[in-house]
Every structure is written in C-alpha cells, then in structure tokens.
file model11.pdb (PDB, C-alpha atoms)
ATOM      1  CA  MET A   1      79.220  47.926 154.724
ATOM      2  CA  GLY A   2      82.703  47.442 153.415
ATOM      3  CA  ILE A   3      84.807  47.980 150.367
ATOM      4  CA  GLU A   4      86.017  44.990 148.448
ATOM      5  CA  ILE A   5      89.027  45.112 146.160
ATOM      6  CA  THR A   6      89.225  42.262 143.654
ATOM      7  CA  THR A   7      92.556  41.604 141.979
ATOM      8  CA  LEU A   8      92.960  39.263 139.035
ATOM      9  CA  LYS A   9      96.550  38.102 139.262
ATOM     10  CA  GLU A  10      96.341  36.213 135.984
ATOM     11  CA  ARG A  11      95.796  39.546 134.204
ATOM     12  CA  CYS A  12      98.151  41.732 136.233
ATOM     13  CA  LYS A  13     101.465  42.588 134.578
ATOM     14  CA  GLY A  14     102.865  44.545 137.510
ATOM     15  CA  CYS A  15     103.086  47.920 135.749
ATOM     16  CA  ASN A  16     102.587  49.690 139.079
ATOM     17  CA  ILE A  17     100.093  52.293 137.747
ATOM     18  CA  CYS A  18      97.491  51.370 140.401
ATOM     19  CA  ALA A  19     100.005  51.579 143.236
ATOM     20  CA  ALA A  20     101.348  54.927 141.992
ATOM     21  CA  PHE A  21      97.881  56.517 141.799
ATOM     22  CA  CYS A  22      96.452  55.015 145.018
ATOM     23  CA  PRO A  23      95.942  57.975 147.377
ATOM     24  CA  LYS A  24      96.056  55.708 150.445
ATOM     25  CA  LYS A  25      99.135  53.794 149.222
ATOM     26  CA  ILE A  26      97.623  50.406 150.011
ATOM     27  CA  LEU A  27      98.579  48.615 146.797
ATOM     28  CA  ALA A  28     101.924  46.941 146.217
ATOM     29  CA  MET A  29     103.550  44.354 143.949
ATOM     30  CA  ASP A  30     104.447  40.924 145.330
ATOM     31  CA  THR A  31     107.639  38.994 144.587
ATOM     32  CA  LEU A  32     106.140  37.717 141.333
ATOM     33  CA  GLY A  33     105.342  41.309 140.292
ATOM     34  CA  LYS A  34     101.580  40.961 140.763
ATOM     35  CA  VAL A  35      99.399  43.430 142.620
ATOM     36  CA  TYR A  36      98.197  42.779 146.174
ATOM     37  CA  VAL A  37      96.332  44.846 148.745
ATOM     38  CA  THR A  38      98.220  45.726 151.912
ATOM     39  CA  ASP A  39      95.333  47.178 153.912
ATOM     40  CA  GLU A  40      91.852  46.764 152.440
ATOM     41  CA  LYS A  41      90.205  48.557 155.386
ATOM     42  CA  ALA A  42      91.962  51.808 154.458
ATOM     43  CA  CYS A  43      90.453  51.829 150.939
ATOM     44  CA  ILE A  44      88.255  54.868 150.253
ATOM     45  CA  ASN A  45      86.668  53.460 147.069
ATOM     46  CA  CYS A  46      88.011  56.266 144.857
ATOM     47  CA  GLY A  47      88.427  53.865 141.950
ATOM     48  CA  GLN A  48      91.658  55.438 140.654
ATOM     49  CA  CYS A  49      93.311  52.000 140.404
ATOM     50  CA  GLU A  50      90.462  50.482 138.414
ATOM     51  CA  LEU A  51      90.114  53.566 136.197
ATOM     52  CA  ARG A  52      93.689  53.442 134.922
ATOM     53  CA  CYS A  53      94.500  49.725 135.096
ATOM     54  CA  PRO A  54      95.437  48.905 131.474
ATOM     55  CA  ASP A  55      94.967  45.179 132.092
ATOM     56  CA  TYR A  56      91.527  45.159 133.802
ATOM     57  CA  ALA A  57      93.132  43.379 136.739
ATOM     58  CA  ILE A  58      91.662  45.321 139.657
ATOM     59  CA  TYR A  59      88.086  46.185 140.655
ATOM     60  CA  VAL A  60      86.838  48.150 143.629
ATOM     61  CA  GLU A  61      83.327  47.748 144.873
ATOM     62  CA  LYS A  62      81.333  48.957 147.816
ATOM     63  CA  LYS A  63      79.530  46.030 149.397
ATOM     64  CA  VAL A  64      76.201  46.808 150.978
ATOM     65  CA  GLU A  65      75.256  44.256 153.614
ATOM     66  CA  LYS A  66      71.689  43.125 153.563
TER      67      LYS A  66
ATOM     68  CA  MET B   1      83.650  41.615 136.008
ATOM     69  CA  ARG B   2      82.126  44.837 134.779
ATOM     70  CA  SER B   3      79.136  45.272 132.464
ATOM     71  CA  TYR B   4      81.243  46.836 129.655
ATOM     72  CA  GLU B   5      83.302  43.638 129.539
ATOM     73  CA  LYS B   6      80.614  42.063 127.383
ATOM     74  CA  TYR B   7      82.275  44.056 124.601
ATOM     75  CA  PHE B   8      85.550  42.163 125.143
ATOM     76  CA  ARG B   9      86.416  38.698 123.883
ATOM     77  CA  MET B  10      87.094  37.427 127.366
ATOM     78  CA  ASN B  11      88.904  34.306 126.182
ATOM     79  CA  ARG B  12      91.492  36.579 124.517
ATOM     80  CA  LEU B  13      92.413  38.396 127.729
ATOM     81  CA  PRO B  14      94.949  39.183 129.108
ATOM     82  CA  HIS B  15      96.028  41.151 126.059
ATOM     83  CA  ILE B  16      99.598  41.078 124.782
ATOM     84  CA  TRP B  17     100.396  44.761 125.291
ATOM     85  CA  CYS B  18     103.471  45.510 127.408
ATOM     86  CA  PRO B  19     103.196  46.178 131.144
ATOM     87  CA  GLY B  20     102.026  49.779 131.581
ATOM     88  CA  CYS B  21     100.933  50.275 127.966
ATOM     89  CA  GLY B  22      98.120  52.811 127.709
ATOM     90  CA  ASN B  23      96.325  51.003 124.878
ATOM     91  CA  GLY B  24      94.391  48.907 127.389
ATOM     92  CA  ILE B  25      93.028  52.061 129.023
ATOM     93  CA  VAL B  26      91.866  53.464 125.673
ATOM     94  CA  MET B  27      90.339  50.128 124.640
ATOM     95  CA  LYS B  28      88.381  50.101 127.883
ATOM     96  CA  SER B  29      87.177  53.639 127.094
ATOM     97  CA  ILE B  30      85.904  52.430 123.703
ATOM     98  CA  ALA B  31      84.023  49.570 125.390
ATOM     99  CA  LYS B  32      82.532  51.975 127.927
ATOM    100  CA  ALA B  33      81.493  54.377 125.146
ATOM    101  CA  ALA B  34      79.860  51.452 123.300
ATOM    102  CA  GLU B  35      77.971  50.589 126.477
ATOM    103  CA  GLN B  36      76.944  54.216 127.017
ATOM    104  CA  LEU B  37      75.461  54.321 123.513
ATOM    105  CA  GLY B  38      74.052  50.800 123.767
ATOM    106  CA  LEU B  39      75.747  49.770 120.524
ATOM    107  CA  ASP B  40      74.488  46.542 118.996
ATOM    108  CA  GLN B  41      77.373  44.105 118.589
ATOM    109  CA  ASP B  42      75.881  42.819 115.339
ATOM    110  CA  ASN B  43      75.569  46.273 113.801
ATOM    111  CA  THR B  44      78.930  47.682 114.775
ATOM    112  CA  VAL B  45      82.144  46.941 112.933
ATOM    113  CA  ILE B  46      85.607  47.611 114.283
ATOM    114  CA  VAL B  47      88.313  47.962 111.662
ATOM    115  CA  SER B  48      91.982  48.292 112.468
ATOM    116  CA  GLY B  49      95.258  48.526 110.608
ATOM    117  CA  ILE B  50      98.601  47.218 111.779
ATOM    118  CA  GLY B  51     100.499  48.092 114.917
ATOM    119  CA  CYS B  52     100.250  47.737 118.674
ATOM    120  CA  SER B  53      97.010  49.706 118.874
ATOM    121  CA  SER B  54      95.448  47.870 115.946
ATOM    122  CA  ARG B  55      95.569  44.620 117.887
ATOM    123  CA  ALA B  56      92.606  45.991 119.841
ATOM    124  CA  SER B  57      90.201  44.726 117.166
ATOM    125  CA  GLY B  58      91.137  41.170 118.154
ATOM    126  CA  TYR B  59      90.050  41.754 121.748
ATOM    127  CA  MET B  60      86.751  43.451 121.022
ATOM    128  CA  ASN B  61      83.564  41.431 120.743
ATOM    129  CA  PHE B  62      82.062  42.995 117.612
ATOM    130  CA  ASP B  63      82.375  42.124 113.953
ATOM    131  CA  THR B  64      86.016  43.044 113.518
ATOM    132  CA  LEU B  65      88.456  43.374 110.681
ATOM    133  CA  HIS B  66      92.244  43.507 111.057
ATOM    134  CA  THR B  67      93.481  44.907 107.768
ATOM    135  CA  ALA B  68      96.652  45.880 105.908
ATOM    136  CA  HIS B  69      99.049  48.468 107.295
ATOM    137  CA  GLY B  70      97.611  51.971 107.008
ATOM    138  CA  ARG B  71      94.562  50.757 105.090
ATOM    139  CA  ALA B  72      91.961  50.599 107.862
ATOM    140  CA  ILE B  73      90.110  53.683 106.588
ATOM    141  CA  PRO B  74      89.718  52.357 102.983
ATOM    142  CA  PHE B  75      88.387  49.026 104.313
ATOM    143  CA  ALA B  76      86.053  50.896 106.659
ATOM    144  CA  THR B  77      84.894  53.126 103.779
ATOM    145  CA  GLY B  78      84.009  49.995 101.808
ATOM    146  CA  ILE B  79      82.046  48.542 104.703
ATOM    147  CA  LYS B  80      80.161  51.797 105.258
ATOM    148  CA  LEU B  81      79.247  52.160 101.581
ATOM    149  CA  ALA B  82      78.184  48.503 101.294
ATOM    150  CA  ASN B  83      75.912  48.834 104.308
ATOM    151  CA  PRO B  84      75.416  52.437 105.484
ATOM    152  CA  LYS B  85      73.353  51.253 108.484
ATOM    153  CA  LEU B  86      76.459  49.929 110.237
ATOM    154  CA  LYS B  87      78.364  51.895 112.841
ATOM    155  CA  VAL B  88      81.980  51.703 111.760
ATOM    156  CA  ILE B  89      84.791  52.390 114.199
ATOM    157  CA  VAL B  90      88.410  52.517 113.054
ATOM    158  CA  ILE B  91      91.181  51.794 115.524
ATOM    159  CA  THR B  92      94.569  52.946 114.349
ATOM    160  CA  GLY B  93      97.942  54.032 115.651
ATOM    161  CA  ASP B  94     100.032  57.117 115.004
ATOM    162  CA  GLY B  95     102.288  55.496 112.410
ATOM    163  CA  ASP B  96      99.461  53.526 110.822
ATOM    164  CA  CYS B  97      97.230  56.588 110.494
ATOM    165  CA  THR B  98      99.592  59.432 109.649
ATOM    166  CA  ALA B  99     102.503  57.740 107.869
ATOM    167  CA  ILE B 100     101.544  54.547 106.046
ATOM    168  CA  GLY B 101      97.887  55.513 105.873
ATOM    169  CA  GLY B 102      98.330  59.286 105.802
ATOM    170  CA  ASN B 103      96.752  59.680 102.408
ATOM    171  CA  HIS B 104      93.766  57.514 103.300
ATOM    172  CA  PHE B 105      93.307  59.489 106.487
ATOM    173  CA  ILE B 106      93.066  62.889 104.780
ATOM    174  CA  HIS B 107      90.793  61.568 102.045
ATOM    175  CA  GLY B 108      88.494  59.883 104.556
ATOM    176  CA  ALA B 109      88.257  63.248 106.320
ATOM    177  CA  ARG B 110      87.766  65.071 102.993
ATOM    178  CA  ARG B 111      84.764  62.887 102.140
ATOM    179  CA  ASN B 112      83.305  63.331 105.607
ATOM    180  CA  ILE B 113      82.216  59.692 105.547
ATOM    181  CA  ASP B 114      80.549  58.492 108.742
ATOM    182  CA  LEU B 115      83.483  56.721 110.396
ATOM    183  CA  THR B 116      84.859  57.183 113.886
ATOM    184  CA  VAL B 117      88.630  57.033 113.832
ATOM    185  CA  ILE B 118      90.216  56.452 117.208
ATOM    186  CA  LEU B 119      93.889  57.280 116.872
ATOM    187  CA  PHE B 120      96.008  55.728 119.626
ATOM    188  CA  ASN B 121      98.914  58.162 119.708
ATOM    189  CA  ASN B 122     101.931  56.805 121.577
ATOM    190  CA  ASN B 123     104.395  58.920 119.560
ATOM    191  CA  ILE B 124     106.381  55.909 118.360
ATOM    192  CA  TYR B 125     106.312  52.674 116.346
ATOM    193  CA  GLY B 126     106.201  50.447 119.411
ATOM    194  CA  MET B 127     105.722  46.991 117.921
ATOM    195  CA  THR B 128     108.677  47.124 115.533
ATOM    196  CA  GLY B 129     111.135  48.392 118.110
ATOM    197  CA  GLY B 130     110.697  52.108 118.647
ATOM    198  CA  GLN B 131     111.260  53.838 115.314
ATOM    199  CA  ALA B 132     110.290  57.503 115.030
ATOM    200  CA  SER B 133     106.801  58.103 113.652
ATOM    201  CA  PRO B 134     105.372  61.311 112.141
ATOM    202  CA  LEU B 135     103.947  62.047 115.594
ATOM    203  CA  THR B 136     107.258  61.747 117.447
ATOM    204  CA  PRO B 137     107.830  65.282 118.754
ATOM    205  CA  THR B 138     110.914  67.141 117.507
ATOM    206  CA  GLY B 139     113.962  66.376 119.639
ATOM    207  CA  LYS B 140     112.573  63.143 121.124
ATOM    208  CA  LYS B 141     114.687  60.036 120.800
ATOM    209  CA  ALA B 142     113.810  56.882 118.895
ATOM    210  CA  THR B 143     115.859  53.953 117.589
ATOM    211  CA  THR B 144     115.941  55.677 114.202
ATOM    212  CA  ALA B 145     116.608  59.062 115.807
ATOM    213  CA  PRO B 146     119.237  58.360 118.492
ATOM    214  CA  PHE B 147     120.136  62.061 118.753
ATOM    215  CA  GLY B 148     116.519  63.186 118.727
ATOM    216  CA  SER B 149     114.018  63.485 115.918
ATOM    217  CA  VAL B 150     114.791  66.304 113.475
ATOM    218  CA  ASP B 151     111.356  66.267 111.840
ATOM    219  CA  THR B 152     108.464  68.441 112.914
ATOM    220  CA  ALA B 153     105.558  66.299 114.124
ATOM    221  CA  PHE B 154     102.108  66.408 112.570
ATOM    222  CA  ASP B 155      99.209  67.691 114.592
ATOM    223  CA  PRO B 156      96.657  65.058 113.508
ATOM    224  CA  CYS B 157      93.732  67.131 114.804
ATOM    225  CA  GLU B 158      94.711  70.178 112.735
ATOM    226  CA  LEU B 159      95.375  67.885 109.792
ATOM    227  CA  ALA B 160      91.899  66.354 110.010
ATOM    228  CA  LYS B 161      90.323  69.782 110.449
ATOM    229  CA  ALA B 162      92.053  71.136 107.344
ATOM    230  CA  ALA B 163      91.050  68.003 105.419
ATOM    231  CA  GLY B 164      87.370  68.361 106.305
ATOM    232  CA  ALA B 165      86.534  66.133 109.282
ATOM    233  CA  SER B 166      83.348  67.119 111.101
ATOM    234  CA  TYR B 167      84.193  66.104 114.678
ATOM    235  CA  ILE B 168      87.655  66.322 116.197
ATOM    236  CA  ALA B 169      88.548  65.616 119.796
ATOM    237  CA  ARG B 170      91.616  64.769 121.800
ATOM    238  CA  GLY B 171      91.854  62.887 125.066
ATOM    239  CA  THR B 172      94.532  61.081 127.035
ATOM    240  CA  ALA B 173      94.867  57.782 128.863
ATOM    241  CA  PHE B 174      95.179  59.755 132.093
ATOM    242  CA  HIS B 175      91.823  61.476 131.479
ATOM    243  CA  ALA B 176      90.140  58.103 131.023
ATOM    244  CA  LYS B 177      86.645  59.192 132.060
ATOM    245  CA  PRO B 178      86.302  62.229 129.744
ATOM    246  CA  LEU B 179      87.774  60.077 126.962
ATOM    247  CA  VAL B 180      84.685  57.828 127.143
ATOM    248  CA  ASP B 181      82.404  60.815 126.429
ATOM    249  CA  LEU B 182      84.649  62.093 123.633
ATOM    250  CA  ILE B 183      84.514  58.687 121.927
ATOM    251  CA  ALA B 184      80.755  58.388 122.453
ATOM    252  CA  GLN B 185      80.192  61.833 120.888
ATOM    253  CA  GLY B 186      82.448  60.860 117.994
ATOM    254  CA  ILE B 187      80.441  57.693 117.343
ATOM    255  CA  SER B 188      77.181  59.690 117.502
ATOM    256  CA  ASN B 189      78.449  62.298 115.008
ATOM    257  CA  ASN B 190      77.129  61.712 111.493
ATOM    258  CA  GLY B 191      80.349  62.286 109.585
ATOM    259  CA  PHE B 192      84.076  61.722 109.841
ATOM    260  CA  SER B 193      85.111  61.828 113.504
ATOM    261  CA  LEU B 194      88.649  61.785 114.803
ATOM    262  CA  VAL B 195      89.374  61.086 118.455
ATOM    263  CA  GLU B 196      93.082  61.315 119.178
ATOM    264  CA  ALA B 197      93.864  59.413 122.366
ATOM    265  CA  ILE B 198      97.318  60.117 123.772
ATOM    266  CA  THR B 199      98.634  56.881 125.271
ATOM    267  CA  GLN B 200     101.878  55.996 126.940
ATOM    268  CA  CYS B 201     104.464  53.622 125.534
ATOM    269  CA  PRO B 202     106.770  53.172 128.504
ATOM    270  CA  ILE B 203     108.935  50.525 126.844
ATOM    271  CA  SER B 204     109.844  52.014 123.455
ATOM    272  CA  TYR B 205     109.248  55.729 124.019
ATOM    273  CA  GLY B 206     109.170  56.693 127.689
ATOM    274  CA  ARG B 207     112.252  54.775 128.720
ATOM    275  CA  ARG B 208     114.324  56.155 125.853
ATOM    276  CA  ASN B 209     113.199  59.722 126.572
ATOM    277  CA  LYS B 210     113.614  59.544 130.346
ATOM    278  CA  MET B 211     109.918  60.116 131.022
ATOM    279  CA  GLY B 212     109.822  57.558 133.820
ATOM    280  CA  ASP B 213     107.631  54.485 134.067
ATOM    281  CA  ALA B 214     104.002  54.190 132.942
ATOM    282  CA  ALA B 215     102.739  56.106 135.981
ATOM    283  CA  GLY B 216     105.324  58.849 135.319
ATOM    284  CA  MET B 217     104.087  59.185 131.745
ATOM    285  CA  LEU B 218     100.476  59.396 132.933
ATOM    286  CA  LYS B 219     101.522  62.156 135.322
ATOM    287  CA  TRP B 220     103.180  63.943 132.397
ATOM    288  CA  MET B 221      99.795  63.831 130.633
ATOM    289  CA  SER B 222      97.985  65.196 133.671
ATOM    290  CA  GLU B 223     100.444  68.117 133.823
ATOM    291  CA  ASN B 224     100.514  68.924 130.116
ATOM    292  CA  ALA B 225      97.016  68.223 128.844
ATOM    293  CA  VAL B 226      94.904  71.371 129.232
ATOM    294  CA  PRO B 227      91.182  71.707 128.441
ATOM    295  CA  LEU B 228      90.721  73.699 125.221
ATOM    296  CA  ALA B 229      89.149  76.777 126.860
ATOM    297  CA  ALA B 230      92.031  77.081 129.340
ATOM    298  CA  TYR B 231      94.615  76.360 126.647
ATOM    299  CA  GLU B 232      93.396  79.250 124.508
ATOM    300  CA  LYS B 233      93.939  81.633 127.409
ATOM    301  CA  LEU B 234      97.579  80.599 127.856
ATOM    302  CA  ALA B 235     100.243  83.002 126.633
ATOM    303  CA  GLU B 236     102.517  81.649 123.867
ATOM    304  CA  GLU B 237     105.476  81.257 126.236
ATOM    305  CA  GLN B 238     103.344  79.289 128.723
ATOM    306  CA  LYS B 239     102.290  76.738 126.109
ATOM    307  CA  GLY B 240     105.614  74.875 125.813
ATOM    308  CA  ASP B 241     104.853  71.137 125.815
ATOM    309  CA  LYS B 242     101.213  71.700 126.729
ATOM    310  CA  PHE B 243      98.447  70.579 124.400
ATOM    311  CA  PRO B 244      94.659  71.101 124.338
ATOM    312  CA  ILE B 245      92.189  68.302 125.106
ATOM    313  CA  GLY B 246      88.430  68.019 124.753
ATOM    314  CA  VAL B 247      86.258  68.618 121.700
ATOM    315  CA  LEU B 248      88.528  70.704 119.464
ATOM    316  CA  TYR B 249      86.303  71.213 116.443
ATOM    317  CA  GLN B 250      82.792  70.437 115.230
ATOM    318  CA  LYS B 251      80.862  71.318 112.106
ATOM    319  CA  THR B 252      77.923  70.045 110.105
ATOM    320  CA  ALA B 253      78.616  68.956 106.553
ATOM    321  CA  PRO B 254      77.009  66.537 104.056
ATOM    322  CA  GLU B 255      77.831  62.933 104.891
ATOM    323  CA  TYR B 256      79.386  60.858 102.111
ATOM    324  CA  SER B 257      77.318  57.642 102.215
ATOM    325  CA  ALA B 258      74.068  59.678 102.162
ATOM    326  CA  GLU B 259      75.358  61.748  99.224
ATOM    327  CA  TYR B 260      76.455  58.570  97.458
ATOM    328  CA  ALA B 261      72.993  57.026  97.927
ATOM    329  CA  LYS B 262      71.578  60.016  96.027
ATOM    330  CA  VAL B 263      73.959  59.295  93.145
ATOM    331  CA  ILE B 264      72.855  55.633  93.075
ATOM    332  CA  LYS B 265      69.235  56.763  92.911
ATOM    333  CA  LEU B 266      69.965  59.210  90.078
ATOM    334  CA  ALA B 267      71.950  56.608  88.116
ATOM    335  CA  GLN B 268      69.006  54.212  88.394
ATOM    336  CA  GLY B 269      66.741  56.825  86.856
ATOM    337  CA  GLY B 270      65.042  57.936  90.059
ATOM    338  CA  LYS B 271      64.601  61.512  91.119
TER     339      LYS B 271
END
call {"tool": "encode", "arguments": {"input": "model11.pdb", "output": "structure tokens"}}
result
Amino acid sequence: MGIEITTLKERCKGCNICAAFCPKKILAMDTLGKVYVTDEKACINCGQCELRCPDYAIYVEKKVEK
Amino acid sequence: MRSYEKYFRMNRLPHIWCPGCGNGIVMKSIAKAAEQLGLDQDNTVIVSGIGCSSRASGYMNFDTLHTAHGRAIPFATGIKLANPKLKVIVITGDGDCTAIGGNHFIHGARRNIDLTVILFNNNIYGMTGGQASPLTPTGKKATTAPFGSVDTAFDPCELAKAAGASYIARGTAFHAKPLVDLIAQGISNNGFSLVEAITQCPISYGRRNKMGDAAGMLKWMSENAVPLAAYEKLAEEQKGDKFPIGVLYQKTAPEYSAEYAKVIKLAQGGK
C-alpha cells in the first residue's frame, strides 16, 4: 500500500498554493516553476494540495495493492 | 483524472486564469456540486456575464451561454421562462453582478425566479487591470483608487436578502469542501439562490494591498471567515475584518416561473 501523487505539469502554473498548504512540506517548484514532489514516501494523503489547486494539476491517491 | 472532471471541457484546460487565481477552486466546487446532485448535462444551463469569473462557462461541459456584461441574470431568466424544467446556474463576478448588472441582480432576487447565482467575489475588476468594484472594501487600493477606495462596499448577501432571494450563502475558496455543499443546496432550492464565493485575486488585488501571494490570501480567508453561529456571538469590536460564512438566510416564497405558468393558463382561458 502506498500513496501516489500525480502532477500534471502541463496544467501547473506554479502558484505555490499546494506547497504552502502541504503539512509535510514535500512539494516544491522546479526551475521552470512547475510543481514536483520531493519525498513521496512522506505523504500522508491529506489531500490539501488537491483540494486547493486552482489548476487541477495535482492528485493524491492511496494505492491498494492487490 | 477525477469523476467530476466529466463536467469540464477537458480540451479547454488549462484555463487562462492567472497563477494562484481562486476562480479555478470555485469552478471545481461547482463541478463537484453538479456531481453530488447528479445533474444532467443536457438539462442544465450555465449562463455567465463578462469578467474573469464569467469565463468559467467556457470550461464547463453543459449547455453554456456567455452573455453581455452584467446581463447574465436576464438571459438566465429568459431561459428559465422558456423551459422551466431546466436547471439554470448563473456564474458572475463582483463587478458584473453588483455594478453593471446590479439592477438585474436585485430584480432577479425580487422575482424569486429559480436561478442559482454563484458570485465569484474577488473584490476587484481583475481582467481589465484592477479597477475598484462595488465590492472593494473601503480603504483598499485599486488602480482607480490609488489612495484606497473611499466608497462603502455592498454586502451582496444583505442586498439579495432585502431584495427577496430565498437562499443566501457565502463560502470561500479556502473552505472549498463546505462550498460544494453550499452550491448544491443553492441548486436544490426552488427559488432565487445566491452563493457568494470569496476568491483571491493575487495579481490585481492581493499584490496591491500587500496581502501576500495566493496562499497568503487563502490564509487571510481562513483567519477571517467565521461560521455564522460563531460570528453572531462575536462582540462588535471583535468583528473587524471578519465575515460570516455558511447558509446565511433561507425562506420559502412563491417561485416566479410557477407563478407565471398560472398566468399563462389563465390567459388561455383555463382555470
């Protein structure tokens, strides 16, 4: 079981809302100003980034292994 | 990909709103509310006026109408009267709704016609370069008010209540989850519903008023938006910049398209 964060760089505008609200501080902007995940294992699946992303550029999902 | 995204025109995304603009959050809340209610895309019409917020109609996968500035409510009234079975949602901005379309807004509310008006309130005319709108708070800066706005701002919720609307709610982009329920309740209400959604405009409003970036403005909302019950308990001096959120007012009143149908029947000689 793991948590998967999907980022859609073609939608991201680098507004930094997700990074500011991430309680684990594992989101950051790259040199092109697009979001990337620094440490996916630390994600707690709170969904704060997805909830407030104005550009629908980030999704968090809990993957259940079969 | 989320299930509510079926309500978006995917080939139109990404939208053109500025980085950090709250309109995207509110538009997502509308899509989620539509999903919650299971709205039929062929029986729901989205009507919008002109402005940043009103561009949302172009991104939403319903029958949509992008109309003249301030005139979304008259167009929506026409649609509702032509086919009362349709669910009609109006997307409008603070300038569009309370300045250019102010008169239409109060008369829509007065008739209590079954429309759901979702007012994206970013306190500024964003698209045209940051002019002060009737919802720019007193003392806040805009390109047309470089020393701060002198005018007193409208409270659109009180305005709608006085005019006769039957469901009035306020939410914010920060409180994105409760906003979905407020919009869904507004759509379900048989009468004129106003949902004021406070959104952030970091480019034209926040930056000029030193409110920080988009995240800073969202934090401002989280600190200043107070649920209605808690807001009523605050002493006058504690209120300051704070404002109530949640369902602010509800009443039952005759709905206009139903009343109008009675007139049609009478005019045709029926009883």
call {"tool": "residues_around", "arguments": {"input": "model11.pdb", "residues": "Pro23 (chain A)", "least_positions_apart": "2", "cutoff": "10 Å", "atoms": "all atoms listed in the file", "output": "VMD selection string"}}
result
chain A and resid 18 to 21 25 to 27 43 to 44 46 48 to 49
call {"tool": "closest_residue", "arguments": {"input": "model11.pdb", "among": "B:Gln238, B:Ala99, B:Leu218, B:Ser149", "to": "Ala173 (chain B)", "atoms": "all atoms listed in the file"}}
result
B:Leu218
call {"tool": "residues_around", "arguments": {"input": "model11.pdb", "residues": "Tyr7 (chain B)", "least_positions_apart": "4", "cutoff": "9 Å", "atoms": "all atoms listed in the file", "output": "ChimeraX atom specification"}}
result
/B:3,31-32,34-35,41,59-62
call {"tool": "atom_distance", "arguments": {"input": "model11.pdb", "atom1": "CA of Ile91 (chain B)", "atom2": "CA of Ile46 (chain B)"}}
result
7.1 Å
call {"tool": "closest_atom_pairs", "arguments": {"input": "model11.pdb", "of": "chain B", "to": "chain A", "cutoff": "10 Å", "atoms": "all atoms listed in the file", "output": "tab-separated table"}}
result
residue	atom	partner	partner_atom	distance
B:Met1	CA	A:Tyr59	CA	7.9
B:Arg2	CA	A:Tyr59	CA	8.5
B:Glu5	CA	A:Tyr56	CA	9.4
B:Leu13	CA	A:Arg11	CA	7.4
B:Pro14	CA	A:Arg11	CA	5.2
B:His15	CA	A:Asp55	CA	7.3
B:Ile16	CA	A:Asp55	CA	9.6
B:Trp17	CA	A:Asp55	CA	8.7
B:Cys18	CA	A:Lys13	CA	8.0
B:Pro19	CA	A:Cys15	CA	4.9
B:Gly20	CA	A:Cys15	CA	4.7
B:Cys21	CA	A:Pro54	CA	6.7
B:Gly22	CA	A:Pro54	CA	6.1
B:Asn23	CA	A:Pro54	CA	7.0
B:Gly24	CA	A:Pro54	CA	4.2
B:Ile25	CA	A:Pro54	CA	4.7
B:Val26	CA	A:Pro54	CA	8.2
B:Met27	CA	A:Pro54	CA	8.6
B:Lys28	CA	A:Pro54	CA	8.0
B:Ser29	CA	A:Leu51	CA	9.6
B:Ala173	CA	A:Arg52	CA	7.5
B:Phe174	CA	A:Arg52	CA	7.1
B:His175	CA	A:Arg52	CA	8.9
B:Ala176	CA	A:Leu51	CA	6.9
B:Lys177	CA	A:Leu51	CA	7.8
B:Pro202	CA	A:Cys15	CA	9.7
B:Asp213	CA	A:Cys15	CA	8.2
B:Ala214	CA	A:Ile17	CA	6.5
B:Ala215	CA	A:Ile17	CA	5.0
B:Gly216	CA	A:Ala20	CA	8.7
B:Met217	CA	A:Ile17	CA	10.0
B:Leu218	CA	A:Ile17	CA	8.6
B:Lys219	CA	A:Phe21	CA	9.3
call {"tool": "residues_around", "arguments": {"input": "model11.pdb", "residues": "Val226 (chain B)", "least_positions_apart": "6", "cutoff": "12 Å", "atoms": "all atoms listed in the file", "output": "list of chain:residue names"}}
result
B:Arg170, B:Gly171, B:Thr172, B:Phe174, B:His175, B:Trp220, B:Glu232, B:Lys233, B:Leu234, B:Gln238, B:Lys239, B:Gly240, B:Asp241, B:Lys242, B:Phe243, B:Pro244, B:Ile245, B:Gly246, B:Val247, B:Leu248
